[in-house]
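Enquirer: Before I ask anything, here is the structure I am working with.
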Amino acid sequence: MKKAIVTGANGFIGSAVVSELLNQNVEVWALIRPESEKPLF
């Protein structure tokens with residue numbers, strides 16, 4: 001299984017990247033800012 005680390009994973013572009021990687025069965029490690037109020041993916 002492939003693995004990826006995504007920084008800014010709860011931002012506009014980062015969340016789209018995470019979703020696409022998960023659709024392709026990639027193991028994702030997502031880095032986010034703890035104070036962010038946006039929902040996670």
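Convention: chains lettered A, B, ... in structure tokens order; per-chain residue numbering from 1; ligands numbered from 1 as shown.
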Within 9 Å of Glu27 in chain A, counting only C-alpha atoms, which residues qualify if same-chain residues fewer than 6 places away don't, as a count of residues only?

Expert: 6

Enquirer: Please provide as a VMD selection string all residues within 9 Å of Val6 in chain A, with the sequence filter that same-chain residues fewer than 4 positions apart are discarded (counting only C-alpha atoms).

Expert: chain A and resid 14 to 15 17 to 18 28 to 32

Enquirer: Based on DSSP run over this structure's backbone, return all residues of chain A in strand (DSSP E or B), as a ChimeraX atom specification.

Expert: /A:3-7,27-31

Enquirer: What would the file look like if the residues just selected were written as a PDB file, in the first residue's frame with N, CA and C atoms?

Expert:
ATOM      1  N   LYS A   3       1.763   5.233   0.716  1.00  0.00           N
ATOM      2  CA  LYS A   3       1.520   6.119   1.853  1.00  0.00           C
ATOM      3  C   LYS A   3       1.803   7.554   1.433  1.00  0.00           C
ATOM      4  N   ALA A   4       1.087   8.503   2.052  1.00  0.00           N
ATOM      5  CA  ALA A   4       1.304   9.919   1.757  1.00  0.00           C
ATOM      6  C   ALA A   4       1.084  10.745   3.009  1.00  0.00           C
ATOM      7  N   ILE A   5       1.837  11.835   3.117  1.00  0.00           N
ATOM      8  CA  ILE A   5       1.627  12.827   4.164  1.00  0.00           C
ATOM      9  C   ILE A   5       1.118  14.085   3.470  1.00  0.00           C
ATOM     10  N   VAL A   6       0.009  14.628   3.963  1.00  0.00           N
ATOM     11  CA  VAL A   6      -0.572  15.832   3.372  1.00  0.00           C
ATOM     12  C   VAL A   6      -0.593  16.924   4.432  1.00  0.00           C
ATOM     13  N   THR A   7       0.075  18.044   4.144  1.00  0.00           N
ATOM     14  CA  THR A   7       0.020  19.182   5.056  1.00  0.00           C
ATOM     15  C   THR A   7      -1.139  20.082   4.634  1.00  0.00           C
ATOM     16  N   GLU A  27      -2.691   5.126   2.012  1.00  0.00           N
ATOM     17  CA  GLU A  27      -2.712   5.417   3.443  1.00  0.00           C
ATOM     18  C   GLU A  27      -2.281   6.866   3.623  1.00  0.00           C
ATOM     19  N   VAL A  28      -3.129   7.675   4.268  1.00  0.00           N
ATOM     20  CA  VAL A  28      -2.885   9.114   4.374  1.00  0.00           C
ATOM     21  C   VAL A  28      -2.625   9.514   5.820  1.00  0.00           C
ATOM     22  N   TRP A  29      -1.560  10.287   6.014  1.00  0.00           N
ATOM     23  CA  TRP A  29      -1.291  10.956   7.284  1.00  0.00           C
ATOM     24  C   TRP A  29      -1.572  12.424   7.010  1.00  0.00           C
ATOM     25  N   ALA A  30      -2.545  12.981   7.719  1.00  0.00           N
ATOM     26  CA  ALA A  30      -2.976  14.352   7.466  1.00  0.00           C
ATOM     27  C   ALA A  30      -2.498  15.275   8.584  1.00  0.00           C
ATOM     28  N   LEU A  31      -1.846  16.373   8.202  1.00  0.00           N
ATOM     29  CA  LEU A  31      -1.387  17.369   9.165  1.00  0.00           C
ATOM     30  C   LEU A  31      -2.294  18.591   9.074  1.00  0.00           C
TER      31      LEU A  31
END

Enquirer: Just the helix (DSSP H, G or I) stuff from range 5-36 of chain A, please, per backbone DSSP, written as a ChimeraX atom specification.

Expert: /A:12-23

Enquirer: Emit the selected residues as a compact mmCIF listing (two decimals), in the first residue's frame, including N, CA and C atoms.

Expert:
# COMPACT_ATOMS: atom_id res chain seq x y z
N PHE A 12 -8.82 23.99 1.55
CA PHE A 12 -9.57 23.76 0.31
C PHE A 12 -8.89 22.73 -0.59
N ILE A 13 -7.64 22.94 -0.89
CA ILE A 13 -6.92 22.03 -1.78
C ILE A 13 -6.53 20.75 -1.04
N GLY A 14 -6.04 20.89 0.18
CA GLY A 14 -5.60 19.73 0.95
C GLY A 14 -6.70 18.71 1.15
N SER A 15 -7.92 19.16 1.42
CA SER A 15 -9.02 18.22 1.63
C SER A 15 -9.36 17.47 0.34
N ALA A 16 -9.25 18.14 -0.80
CA ALA A 16 -9.49 17.47 -2.08
C ALA A 16 -8.39 16.44 -2.35
N VAL A 17 -7.16 16.78 -2.01
CA VAL A 17 -6.04 15.85 -2.19
C VAL A 17 -6.24 14.61 -1.31
N VAL A 18 -6.60 14.83 -0.05
CA VAL A 18 -6.83 13.71 0.87
C VAL A 18 -7.94 12.81 0.34
N SER A 19 -9.04 13.40 -0.10
CA SER A 19 -10.16 12.60 -0.62
C SER A 19 -9.74 11.75 -1.80
N GLU A 20 -8.99 12.34 -2.72
CA GLU A 20 -8.54 11.60 -3.91
C GLU A 20 -7.57 10.49 -3.53
N LEU A 21 -6.67 10.76 -2.63
CA LEU A 21 -5.73 9.72 -2.19
C LEU A 21 -6.47 8.56 -1.52
N LEU A 22 -7.44 8.87 -0.68
CA LEU A 22 -8.21 7.81 -0.03
C LEU A 22 -9.00 6.99 -1.05
N ASN A 23 -9.53 7.65 -2.09
CA ASN A 23 -10.24 6.93 -3.16
C ASN A 23 -9.32 5.98 -3.90
